[in-house]
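Participant: Dropping in coords_3.cif, which is mmCIF, C-alpha atoms and all ligand atoms:
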```
data_data
#
loop_
_atom_site.label_atom_id
_atom_site.label_comp_id
_atom_site.auth_asym_id
_atom_site.auth_seq_id
_atom_site.Cartn_x
_atom_site.Cartn_y
_atom_site.Cartn_z
CA PRO B 1 -18.89 -5.88 21.77
CA VAL B 2 -15.29 -5.72 23.04
CA ILE B 3 -12.87 -5.05 20.17
CA LEU B 4 -9.10 -5.39 20.49
CA ALA B 5 -7.35 -3.41 17.75
CA ILE B 6 -3.79 -3.56 16.44
CA GLU B 7 -1.99 -0.97 14.29
CA SER B 8 1.52 -1.66 12.95
CA SER B 9 1.61 -0.17 9.44
CA CYS B 10 4.73 1.95 9.83
CA ASP B 11 6.97 2.60 12.84
CA ASP B 12 4.46 2.90 15.71
CA THR B 13 3.17 -0.22 17.44
CA SER B 14 -0.26 0.51 18.83
CA ALA B 15 -3.03 -1.42 20.57
CA SER B 16 -6.46 -0.26 21.63
CA VAL B 17 -9.58 -1.63 23.30
CA CYS B 18 -13.02 -0.36 22.39
CA VAL B 19 -16.18 -1.45 24.24
CA ASP B 20 -19.56 -0.80 22.60
CA GLY B 21 -18.08 1.94 20.44
CA ILE B 22 -16.21 3.69 23.27
CA VAL B 23 -12.42 3.68 22.94
CA LEU B 24 -11.09 2.89 26.44
CA SER B 25 -7.38 2.68 25.72
CA ASN B 26 -4.94 3.70 23.00
CA VAL B 27 -1.39 2.58 23.75
CA ILE B 28 1.28 3.76 21.31
CA ALA B 29 4.89 2.53 21.41
CA ASN B 30 7.06 4.83 19.29
CA GLN B 31 10.27 3.61 17.70
CA SER B 32 13.14 6.03 18.34
CA ILE B 33 15.65 3.76 16.57
CA HIS B 34 14.92 5.41 13.17
CA GLU B 35 16.02 8.91 14.26
CA ALA B 36 19.65 8.00 13.67
CA TYR B 37 18.86 7.12 10.05
CA GLY B 38 16.77 10.19 9.16
CA GLY B 39 13.79 8.04 8.19
CA VAL B 40 12.05 4.75 8.85
CA VAL B 41 14.18 1.66 8.14
CA PRO B 42 11.61 -1.05 7.26
CA GLU B 43 13.64 -4.05 8.46
CA LEU B 44 14.32 -2.43 11.84
CA ALA B 45 10.68 -1.37 12.16
CA SER B 46 9.33 -4.89 11.86
CA ARG B 47 11.83 -6.22 14.42
CA VAL B 48 10.86 -3.56 16.95
CA HIS B 49 7.15 -4.25 16.31
CA GLN B 50 7.83 -7.85 17.34
CA GLN B 51 9.30 -6.65 20.64
CA ASN B 52 6.55 -4.10 21.29
CA ILE B 53 3.36 -5.83 20.27
CA VAL B 54 2.75 -8.10 23.27
CA PRO B 55 3.46 -5.40 25.90
CA ALA B 56 1.32 -2.90 23.94
CA VAL B 57 -1.63 -5.29 23.87
CA GLN B 58 -1.22 -6.15 27.56
CA GLN B 59 -1.19 -2.45 28.46
CA ALA B 60 -4.20 -1.69 26.27
CA LEU B 61 -6.20 -4.47 27.96
CA ALA B 62 -5.06 -3.41 31.44
CA LYS B 63 -5.90 0.27 30.86
CA ALA B 64 -9.36 -0.67 29.60
CA LYS B 65 -9.78 -3.09 32.55
CA VAL B 66 -10.70 -5.85 30.13
CA SER B 67 -9.52 -9.47 30.31
CA LYS B 68 -8.24 -11.10 27.12
CA ASN B 69 -11.00 -13.67 27.53
CA ASP B 70 -13.65 -10.93 27.16
CA VAL B 71 -12.51 -9.84 23.69
CA ASP B 72 -15.18 -10.48 21.02
CA ALA B 73 -13.16 -9.67 17.88
CA VAL B 74 -9.68 -8.55 16.80
CA ALA B 75 -9.36 -5.68 14.33
CA PHE B 76 -6.06 -5.06 12.59
CA THR B 77 -4.54 -2.83 9.90
CA ARG B 78 -4.32 -4.85 6.69
CA GLY B 79 -2.72 -2.03 4.67
CA PRO B 80 -1.49 0.20 3.19
CA GLY B 81 1.93 0.31 4.84
CA LEU B 82 5.29 -1.40 5.12
CA LEU B 83 4.80 -5.09 4.42
CA GLY B 84 7.15 -6.34 7.15
CA SER B 85 5.53 -4.04 9.73
CA LEU B 86 1.99 -5.01 8.70
CA LEU B 87 2.92 -8.69 8.85
CA VAL B 88 3.69 -8.47 12.58
CA GLY B 89 0.28 -6.99 13.38
CA VAL B 90 -1.62 -9.31 11.03
CA SER B 91 0.13 -12.40 12.43
CA PHE B 92 -0.53 -11.35 16.01
CA ALA B 93 -4.20 -10.65 15.26
CA LYS B 94 -4.63 -14.03 13.54
CA ALA B 95 -2.97 -15.92 16.38
CA PHE B 96 -5.05 -14.13 19.01
CA ALA B 97 -8.31 -14.71 17.13
CA LEU B 98 -7.48 -18.36 16.50
CA SER B 99 -6.60 -19.04 20.14
CA LYS B 100 -9.83 -17.43 21.42
CA ASN B 101 -11.98 -18.63 18.51
CA ILE B 102 -13.21 -15.11 17.75
CA PRO B 103 -13.57 -13.26 14.42
CA LEU B 104 -10.97 -11.12 12.67
CA ILE B 105 -11.73 -7.70 11.21
CA GLU B 106 -9.46 -6.21 8.53
CA ILE B 107 -9.15 -2.43 8.38
CA ASN B 108 -7.82 -0.08 5.71
CA HIS B 109 -5.40 2.30 7.47
CA MET B 110 -6.47 5.34 5.39
CA GLN B 111 -10.17 4.71 6.06
CA ALA B 112 -9.30 4.40 9.74
CA HIS B 113 -7.60 7.84 9.74
CA VAL B 114 -10.95 9.23 8.51
CA LEU B 115 -13.02 7.16 10.94
CA ALA B 116 -11.00 8.54 13.89
CA HIS B 117 -13.71 11.23 13.84
CA PHE B 118 -16.20 8.72 15.23
CA ILE B 119 -14.25 8.38 18.47
CA GLY B 120 -15.90 10.72 20.97
CA SER B 121 -19.16 12.62 20.81
CA ASN B 122 -18.54 15.33 18.20
CA LYS B 123 -19.12 13.38 14.97
CA PRO B 124 -19.47 14.70 11.41
CA SER B 125 -22.60 13.74 9.44
CA PHE B 126 -22.53 11.95 6.10
CA PRO B 127 -21.66 13.00 3.49
CA PHE B 128 -18.62 14.98 4.61
CA LEU B 129 -15.22 15.86 3.15
CA CYS B 130 -12.04 14.75 4.86
CA LEU B 131 -8.60 16.13 4.07
CA THR B 132 -6.33 13.22 4.99
CA VAL B 133 -2.74 14.40 5.25
CA SER B 134 -0.09 12.02 6.48
CA GLY B 135 3.44 10.81 5.90
CA GLY B 136 2.49 8.78 2.85
CA HIS B 137 -0.82 10.24 1.63
CA THR B 138 -2.55 13.49 0.78
CA GLN B 139 -6.18 12.91 -0.10
CA ILE B 140 -9.46 14.74 -0.27
CA VAL B 141 -11.98 12.05 0.59
CA LEU B 142 -15.74 12.27 0.02
CA VAL B 143 -17.10 10.19 2.90
CA LYS B 144 -20.60 8.91 2.08
CA ASP B 145 -20.78 6.29 4.82
CA TYR B 146 -18.44 4.48 7.25
CA PHE B 147 -16.96 2.30 4.53
CA ASP B 148 -18.18 4.10 1.44
CA MET B 149 -15.46 6.63 0.64
CA GLU B 150 -14.26 8.14 -2.60
CA VAL B 151 -10.88 9.81 -3.12
CA VAL B 152 -11.73 12.92 -5.16
CA GLY B 153 -8.23 14.40 -5.10
CA GLN B 154 -4.76 13.20 -4.16
CA THR B 155 -1.10 14.03 -4.52
CA LEU B 156 0.60 13.32 -7.82
CA ASP B 157 4.01 13.03 -6.13
CA ASP B 158 5.05 13.73 -2.51
CA ALA B 159 2.65 13.67 0.43
CA ALA B 160 2.19 16.76 2.62
CA GLY B 161 3.95 15.04 5.55
CA GLU B 162 6.79 14.09 3.23
CA ALA B 163 7.09 17.75 2.18
CA MET B 164 7.36 18.67 5.89
CA ASP B 165 9.92 15.94 6.58
CA LYS B 166 12.03 16.65 3.48
CA THR B 167 12.08 20.37 4.22
CA SER B 168 13.29 19.69 7.73
CA LYS B 169 16.00 17.44 6.32
CA ILE B 170 17.14 20.26 3.99
CA LEU B 171 17.27 22.50 7.07
CA GLY B 172 19.36 19.94 8.97
CA LEU B 173 16.64 19.20 11.53
CA PRO B 174 16.23 15.63 12.88
CA TYR B 175 13.56 13.15 11.73
CA PRO B 176 10.58 13.30 11.90
CA GLY B 177 10.61 16.96 10.99
CA GLY B 178 6.90 17.84 10.91
CA PRO B 179 6.58 18.61 14.61
CA LEU B 180 9.83 20.68 14.56
CA ILE B 181 8.66 22.75 11.58
CA ASP B 182 5.47 23.37 13.54
CA LYS B 183 7.46 24.51 16.60
CA HIS B 184 9.69 26.93 14.66
CA ALA B 185 6.80 28.19 12.53
CA ARG B 186 4.95 29.44 15.62
CA LEU B 187 7.84 31.88 16.23
CA GLY B 188 8.26 33.05 12.63
CA ASN B 189 6.63 35.22 9.97
CA PRO B 190 4.83 33.23 7.25
CA GLU B 191 5.09 36.21 4.87
CA ALA B 192 8.90 36.36 5.14
CA TYR B 193 9.55 34.24 2.04
CA ARG B 194 7.28 33.35 -0.87
CA PHE B 195 7.33 29.79 -2.15
CA PRO B 196 5.39 28.88 -5.31
CA GLU B 197 1.88 27.41 -5.34
CA PRO B 198 1.68 24.65 -7.99
CA GLN B 199 -0.92 25.04 -10.73
CA ILE B 200 -2.64 21.66 -10.78
CA GLN B 201 -6.11 21.13 -12.24
CA GLY B 202 -8.98 19.73 -10.18
CA PHE B 203 -8.49 18.57 -6.62
CA ASP B 204 -5.08 16.93 -7.02
CA PHE B 205 -1.93 18.11 -5.27
CA SER B 206 1.78 18.31 -6.05
CA PHE B 207 4.54 19.00 -3.55
CA SER B 208 7.71 18.04 -5.42
CA GLY B 209 8.08 21.46 -7.07
CA LEU B 210 7.82 23.14 -3.70
CA LYS B 211 10.51 20.84 -2.33
CA THR B 212 12.86 21.73 -5.21
CA SER B 213 12.25 25.45 -4.80
CA ILE B 214 13.02 25.20 -1.07
CA LEU B 215 16.20 23.27 -1.85
CA TYR B 216 17.44 25.95 -4.32
CA PHE B 217 16.34 28.79 -2.05
CA ILE B 218 18.37 27.38 0.85
CA ARG B 219 21.36 26.53 -1.35
CA ASP B 220 21.54 30.04 -2.86
CA ASN B 221 21.15 31.82 0.46
CA VAL B 222 23.62 29.62 2.32
CA ALA B 223 26.17 30.33 -0.47
CA LYS B 224 25.87 34.04 0.38
CA ASN B 225 25.63 33.58 4.17
CA PRO B 226 26.67 30.31 5.82
CA ASP B 227 24.54 31.15 8.88
CA PHE B 228 21.39 31.82 6.81
CA ILE B 229 19.48 28.81 8.16
CA ALA B 230 20.36 29.35 11.82
CA GLU B 231 19.53 33.07 11.63
CA ASN B 232 16.20 32.62 9.86
CA ILE B 233 14.95 29.16 10.85
CA ASN B 234 11.66 30.43 12.32
CA ASP B 235 10.76 32.54 9.27
CA ILE B 236 11.75 29.74 6.88
CA CYS B 237 9.60 27.20 8.71
CA ALA B 238 6.67 29.61 9.00
CA SER B 239 6.84 30.40 5.27
CA VAL B 240 7.09 26.75 4.22
CA GLU B 241 4.31 25.67 6.56
CA GLY B 242 2.17 28.59 5.40
CA ARG B 243 2.54 27.55 1.76
CA ILE B 244 1.82 23.86 2.44
CA VAL B 245 -1.29 24.86 4.42
CA SER B 246 -2.54 27.25 1.71
CA ILE B 247 -2.06 24.58 -1.00
CA LEU B 248 -4.08 22.11 1.08
CA LEU B 249 -6.87 24.44 2.15
CA ASN B 250 -7.39 26.09 -1.26
CA LYS B 251 -8.10 22.68 -2.80
CA LEU B 252 -10.31 21.68 0.10
CA LYS B 253 -12.36 24.86 -0.36
CA LYS B 254 -12.78 24.13 -4.07
CA ALA B 255 -14.00 20.62 -3.32
CA ALA B 256 -16.37 21.78 -0.57
CA ASP B 257 -17.87 24.31 -3.01
CA LEU B 258 -18.28 21.80 -5.85
CA TYR B 259 -19.79 19.06 -3.69
CA ASP B 260 -21.75 21.63 -1.68
CA ILE B 261 -20.59 20.20 1.65
CA LYS B 262 -20.55 21.94 5.02
CA ASP B 263 -19.07 19.21 7.24
CA VAL B 264 -15.31 19.29 6.71
CA ALA B 265 -12.74 17.20 8.57
CA LEU B 266 -8.96 16.84 8.89
CA ALA B 267 -7.18 13.54 9.45
CA GLY B 268 -3.70 11.97 9.43
CA GLY B 269 -0.43 12.95 11.06
CA VAL B 270 -0.17 16.40 9.49
CA SER B 271 -3.54 17.31 11.04
CA ALA B 272 -1.50 17.68 14.24
CA ASN B 273 0.00 20.80 12.62
CA THR B 274 -0.97 24.00 14.43
CA GLY B 275 -1.01 26.15 11.30
CA LEU B 276 -3.27 23.71 9.46
CA ARG B 277 -5.66 23.35 12.41
CA GLN B 278 -5.92 27.14 12.79
CA GLY B 279 -6.19 27.64 9.03
CA LEU B 280 -9.10 25.22 8.76
CA GLN B 281 -10.90 26.87 11.67
CA LYS B 282 -10.55 30.27 10.02
CA MET B 283 -11.70 29.00 6.63
CA GLY B 284 -14.58 27.20 8.30
CA GLU B 285 -15.76 30.33 10.06
CA LYS B 286 -15.67 32.26 6.79
CA ASN B 287 -17.61 29.62 4.88
CA GLY B 288 -20.05 28.43 7.52
CA TRP B 289 -18.51 24.96 7.74
CA ASN B 290 -18.71 22.58 10.68
CA CYS B 291 -15.03 21.73 11.14
CA PHE B 292 -13.82 18.49 12.69
CA ILE B 293 -10.24 18.16 13.89
CA PRO B 294 -9.17 14.99 15.69
CA GLU B 295 -7.68 14.97 19.16
CA MET B 296 -3.86 14.89 18.94
CA GLN B 297 -3.50 11.21 19.96
CA TYR B 298 -5.79 10.22 17.05
CA CYS B 299 -3.98 12.28 14.36
CA THR B 300 -0.79 10.26 13.90
CA ASP B 301 -0.86 6.47 13.71
CA ASN B 302 -2.86 4.89 16.52
CA ALA B 303 -4.93 1.79 17.16
CA GLY B 304 -7.88 3.79 18.53
CA MET B 305 -8.88 4.61 14.96
CA ILE B 306 -8.56 0.91 14.02
CA ALA B 307 -10.74 0.00 17.01
CA ILE B 308 -13.57 2.40 16.10
CA ALA B 309 -13.44 1.26 12.46
CA GLY B 310 -13.46 -2.35 13.73
CA TYR B 311 -16.51 -1.65 15.85
CA HIS B 312 -18.48 -0.40 12.85
CA LYS B 313 -17.44 -3.41 10.77
CA TYR B 314 -18.40 -5.71 13.64
CA LEU B 315 -21.90 -4.23 13.60
CA LYS B 316 -22.12 -5.10 9.89
CA GLY B 317 -20.81 -8.62 10.51
CA ASP B 318 -17.98 -7.94 8.07
CA PHE B 319 -15.23 -10.39 9.09
CA ALA B 320 -11.97 -11.59 7.52
CA GLY B 321 -10.77 -15.18 7.21
CA GLN B 322 -7.59 -16.70 8.65
CA ASP B 323 -6.15 -16.67 5.11
CA VAL B 324 -6.08 -12.83 4.97
CA VAL B 325 -2.71 -11.32 3.96
CA PRO B 326 -1.35 -7.79 4.48
CA LEU B 327 -1.27 -5.40 1.52
CA ALA B 328 1.47 -2.76 1.04
CA ARG B 329 -0.92 -0.95 -1.30
CA MET B 330 -4.60 -1.07 -0.54
CA PRO B 331 -7.14 1.10 -2.32
CA PHE B 332 -10.46 1.88 -0.61
P1 LIG X 401 0.26 6.97 6.07
O1 LIG X 401 -0.84 7.21 7.04
O2 LIG X 401 0.10 7.74 4.80
O3 LIG X 401 0.55 5.53 5.86
P2 LIG X 401 2.07 7.54 8.21
O4 LIG X 401 1.16 6.62 8.92
O5 LIG X 401 3.53 7.34 8.29
O6 LIG X 401 1.61 7.60 6.70
P3 LIG X 401 1.12 9.52 10.02
O7 LIG X 401 1.66 8.86 11.26
O8 LIG X 401 -0.33 9.59 9.87
O9 LIG X 401 1.79 9.00 8.68
O10 LIG X 401 1.75 10.98 9.96
C1 LIG X 401 3.14 11.20 10.06
C2 LIG X 401 3.46 12.50 9.37
O11 LIG X 401 2.86 13.59 10.09
C3 LIG X 401 4.95 12.79 9.30
O12 LIG X 401 5.27 13.22 8.00
C4 LIG X 401 5.14 13.92 10.32
O13 LIG X 401 6.20 14.79 10.02
C5 LIG X 401 3.81 14.63 10.20
N1 LIG X 401 3.50 15.44 11.39
C6 LIG X 401 3.29 15.00 12.66
N2 LIG X 401 3.07 16.05 13.48
C7 LIG X 401 3.15 17.17 12.73
C8 LIG X 401 3.02 18.57 12.98
N3 LIG X 401 2.77 19.03 14.20
N4 LIG X 401 3.18 19.42 11.93
C9 LIG X 401 3.43 18.95 10.70
N5 LIG X 401 3.56 17.66 10.38
C10 LIG X 401 3.42 16.79 11.38
FE FE X 402 -1.02 6.84 9.07
#
```
Now that the file is in, can you turn its structure into structure tokens?

Facilitator:
Amino acid sequence: PVILAIESSCDDTSASVCVDGIVLSNVIANQSIHEAYGGVVPELASRVHQQNIVPAVQQALAKAKVSKNDVDAVAFTRGPGLLGSLLVGVSFAKAFALSKNIPLIEINHMQAHVLAHFIGSNKPSFPFLCLTVSGGHTQIVLVKDYFDMEVVGQTLDDAAGEAMDKTSKILGLPYPGGPLIDKHARLGNPEAYRFPEPQIQGFDFSFSGLKTSILYFIRDNVAKNPDFIAENINDICASVEGRIVSILLNKLKKAADLYDIKDVALAGGVSANTGLRQGLQKMGEKNGWNCFIPEMQYCTDNAGMIAIAGYHKYLKGDFAGQDVVPLARMPF
């Protein structure tokens, strides 16, 4: 089947075409408008989605060399995400499906981040563990089948990506900060400063304490030396990134031990982080894991992951009706 997929849950408008389980295009239109505000402005995001969605779909079809008349089903992100942003993608998908008289397939964005591992040939085997780390979520997911997933641990407050972005804001870096922290961290010493590791039972996470300790650490040092940040930016970023990575991987190791699992995957925007990718590889080598790390274009929000998830739902004949509505919160 030919699946057209739409992703519009946050600030990236993305369209993808997948033919018989092979993702042939993955067009992503980023929204730079939010940089000036230091974060995503929901009302602006949905307006820009409206401008971007038709060109993104046209490009995705053209790149895949597929005519819109050949599409067999339209997959779209139903949630979780910003309601106004989701609404643009859901409305487009409905209109397209209605005009071509083809089925609709609703996709959970967080499941799709996990299913990004089924794009390409190197696929994990069920059951596997996936550490999904993004701007809004931090989850350890036990993946039993394509659509049979259980969240065994999650953050009690901030997400890992949020911790990256808030740290960069404290340091006066522009939004989104994750990639900049990554860049500076490569040039710094992760042992330079010690930030606390929260003591949380089980497989859950907490990042708000870390954020507060970074805030006080910067405040106290800048009081003594106004140039503290500029002089030590690489070491600060390396130390913060190192702590975030160790918090994430220590929990993942615990879960892999308890569930006795050897296939371990990373997903979500923060899986683009160099320190996390390297840290997982190292931990995997030590523990005899098969590690799965998505290609960069499938880490942050993209429609390729919606397309592959849509393909597997198509095979099950699992379709949505025209009365489907987007959901800001959407559990598995
Ligand atoms: P969710 O998937 O939870 O709805 P989202 O879709 O906004 O949230 P993603 O696009 O998956 O999130 O990820 C964005 C996050 O990834 C941001 O917090 C960003 O800072 C972070 N990020 C992206 N690249 C890197 C990197 N190289 N290092 C660290 N963080 C990164
Ligand atoms: Fe996402």

Participant: May I have the protein, DNA and RNA residues with an atom at most 12 Å from (-7.9, -9.6, 20.1), counting only C-alpha atoms in the file's coordinates, returned as a PyMOL selection string?

Facilitator: chain B and resi 1-7+15-18+53-54+57-58+60-61+66-76+89-105+307+310

Participant: List every protein, DNA or RNA residue that has at least one atom no more than 12 Å from (-7.9, 1.9, 14.7) in the file's coordinates, counting only C-alpha atoms, and write the result as number ranges by chain.

Facilitator: B: 3-9, 13-18, 21, 23, 25-28, 74-79, 105-119, 297-313

Participant: Skip B:Ser208 itself and residues of its chain fewer than 4 positions away, then list as a list in words all residues within 12 Å of it, counting all atoms listed in the file.

Facilitator: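 Using all atoms listed in the file, the neighbours found are Thr155, Leu156, Asp157, Asp158, Ala159, Ala160, Gly161, Glu162, Ala163, Met164, Lys166, Thr167, Pro196, Glu197, Pro198, Thr212, Ser213, Ile214, Leu215 and Ile244 of chain B.
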
Participant: Atom CA of B:Glu231 and atom CA of B:Pro190, how far apart in Å?

Facilitator: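 Between these atoms lies a distance of 15.3 Å.
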
Participant: Suppose you want the space between atom CA of B:Leu82 and atom CA of B:Val264; what is it in Å?

Facilitator: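 According to the coordinates, atom CA of B:Leu82 and atom CA of B:Val264 are separated by 29.2 Å.
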
Participant: Find, counting all atoms listed in the file, the residue in B:Met149, B:Ile140, B:Ala272, B:Ala328 that gets nearest to B:Phe126.

Facilitator: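 Using all atoms listed in the file, the shortest distance to B:Phe126 belongs to B:Met149.
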
Participant: Can I get N, CA and C atoms for stretch 189-220 of chain B, as an mmCIF file, in the first residue's frame?

Facilitator:
```cif
data_model
loop_
_atom_site.group_PDB
_atom_site.id
_atom_site.type_symbol
_atom_site.label_atom_id
_atom_site.label_comp_id
_atom_site.auth_asym_id
_atom_site.auth_seq_id
_atom_site.Cartn_x
_atom_site.Cartn_y
_atom_site.Cartn_z
ATOM 1 N N ASN B 189 34.557 19.373 29.598
ATOM 2 C CA ASN B 189 34.873 18.264 30.490
ATOM 3 C C ASN B 189 33.641 17.932 31.342
ATOM 4 N N PRO B 190 33.068 16.751 31.172
ATOM 5 C CA PRO B 190 31.851 16.405 31.917
ATOM 6 C C PRO B 190 32.092 16.239 33.424
ATOM 7 N N GLU B 191 33.366 16.137 33.828
ATOM 8 C CA GLU B 191 33.678 15.979 35.250
ATOM 9 C C GLU B 191 33.918 17.340 35.927
ATOM 10 N N ALA B 192 33.834 18.418 35.166
ATOM 11 C CA ALA B 192 34.187 19.738 35.698
ATOM 12 C C ALA B 192 33.304 20.122 36.887
ATOM 13 N N TYR B 193 32.013 19.907 36.757
ATOM 14 C CA TYR B 193 31.069 20.265 37.834
ATOM 15 C C TYR B 193 30.167 19.072 38.119
ATOM 16 N N ARG B 194 29.809 18.924 39.405
ATOM 17 C CA ARG B 194 28.953 17.776 39.772
ATOM 18 C C ARG B 194 27.544 18.250 40.101
ATOM 19 N N PHE B 195 26.591 17.834 39.318
ATOM 20 C CA PHE B 195 25.188 18.127 39.603
ATOM 21 C C PHE B 195 24.541 16.882 40.201
ATOM 22 N N PRO B 196 23.516 17.087 41.061
ATOM 23 C CA PRO B 196 22.986 15.942 41.817
ATOM 24 C C PRO B 196 22.183 14.968 40.957
ATOM 25 N N GLU B 197 22.218 13.692 41.339
ATOM 26 C CA GLU B 197 21.374 12.680 40.713
ATOM 27 C C GLU B 197 20.188 12.455 41.644
ATOM 28 N N PRO B 198 18.951 12.651 41.160
ATOM 29 C CA PRO B 198 17.790 12.503 42.049
ATOM 30 C C PRO B 198 17.617 11.058 42.507
ATOM 31 N N GLN B 199 17.122 10.899 43.723
ATOM 32 C CA GLN B 199 16.887 9.552 44.256
ATOM 33 C C GLN B 199 15.407 9.233 44.114
ATOM 34 N N ILE B 200 15.041 8.641 43.003
ATOM 35 C CA ILE B 200 13.639 8.298 42.744
ATOM 36 C C ILE B 200 13.543 6.778 42.650
ATOM 37 N N GLN B 201 12.528 6.224 43.317
ATOM 38 C CA GLN B 201 12.339 4.774 43.297
ATOM 39 C C GLN B 201 11.930 4.295 41.897
ATOM 40 N N GLY B 202 12.159 3.025 41.643
ATOM 41 C CA GLY B 202 11.657 2.389 40.419
ATOM 42 C C GLY B 202 12.286 2.968 39.167
ATOM 43 N N PHE B 203 11.501 3.040 38.108
ATOM 44 C CA PHE B 203 12.025 3.474 36.812
ATOM 45 C C PHE B 203 11.589 4.885 36.449
ATOM 46 N N ASP B 204 11.040 5.621 37.425
ATOM 47 C CA ASP B 204 10.609 6.984 37.127
ATOM 48 C C ASP B 204 11.782 7.970 37.193
ATOM 49 N N PHE B 205 11.566 9.122 36.586
ATOM 50 C CA PHE B 205 12.599 10.154 36.507
ATOM 51 C C PHE B 205 12.107 11.448 37.145
ATOM 52 N N SER B 206 13.073 12.312 37.512
ATOM 53 C CA SER B 206 12.738 13.673 37.905
ATOM 54 C C SER B 206 13.880 14.572 37.450
ATOM 55 N N PHE B 207 13.527 15.686 36.819
ATOM 56 C CA PHE B 207 14.553 16.619 36.350
ATOM 57 C C PHE B 207 14.411 18.020 36.934
ATOM 58 N N SER B 208 13.364 18.244 37.755
ATOM 59 C CA SER B 208 13.158 19.618 38.222
ATOM 60 C C SER B 208 14.208 20.005 39.270
ATOM 61 N N GLY B 209 14.648 19.047 40.084
ATOM 62 C CA GLY B 209 15.679 19.333 41.078
ATOM 63 C C GLY B 209 16.996 19.708 40.414
ATOM 64 N N LEU B 210 17.305 19.003 39.348
ATOM 65 C CA LEU B 210 18.523 19.286 38.596
ATOM 66 C C LEU B 210 18.477 20.713 38.039
ATOM 67 N N LYS B 211 17.324 21.053 37.488
ATOM 68 C CA LYS B 211 17.141 22.400 36.922
ATOM 69 C C LYS B 211 17.392 23.468 37.995
ATOM 70 N N THR B 212 16.820 23.264 39.190
ATOM 71 C CA THR B 212 16.992 24.229 40.277
ATOM 72 C C THR B 212 18.462 24.314 40.688
ATOM 73 N N SER B 213 19.126 23.168 40.761
ATOM 74 C CA SER B 213 20.523 23.204 41.202
ATOM 75 C C SER B 213 21.401 23.900 40.165
ATOM 76 N N ILE B 214 21.058 23.752 38.887
ATOM 77 C CA ILE B 214 21.810 24.462 37.839
ATOM 78 C C ILE B 214 21.582 25.973 37.970
ATOM 79 N N LEU B 215 20.323 26.326 38.202
ATOM 80 C CA LEU B 215 19.965 27.740 38.350
ATOM 81 C C LEU B 215 20.760 28.393 39.484
ATOM 82 N N TYR B 216 20.812 27.738 40.669
ATOM 83 C CA TYR B 216 21.542 28.297 41.818
ATOM 84 C C TYR B 216 23.045 28.311 41.573
ATOM 85 N N PHE B 217 23.520 27.244 40.938
ATOM 86 C CA PHE B 217 24.950 27.134 40.637
ATOM 87 C C PHE B 217 25.397 28.301 39.748
ATOM 88 N N ILE B 218 24.615 28.585 38.719
ATOM 89 C CA ILE B 218 24.946 29.682 37.801
ATOM 90 C C ILE B 218 24.829 31.036 38.532
ATOM 91 N N ARG B 219 23.736 31.193 39.275
ATOM 92 C CA ARG B 219 23.514 32.454 39.983
ATOM 93 C C ARG B 219 24.684 32.765 40.931
ATOM 94 N N ASP B 220 25.092 31.770 41.728
ATOM 95 C CA ASP B 220 26.153 31.982 42.714
ATOM 96 C C ASP B 220 27.496 32.283 42.047
#
```
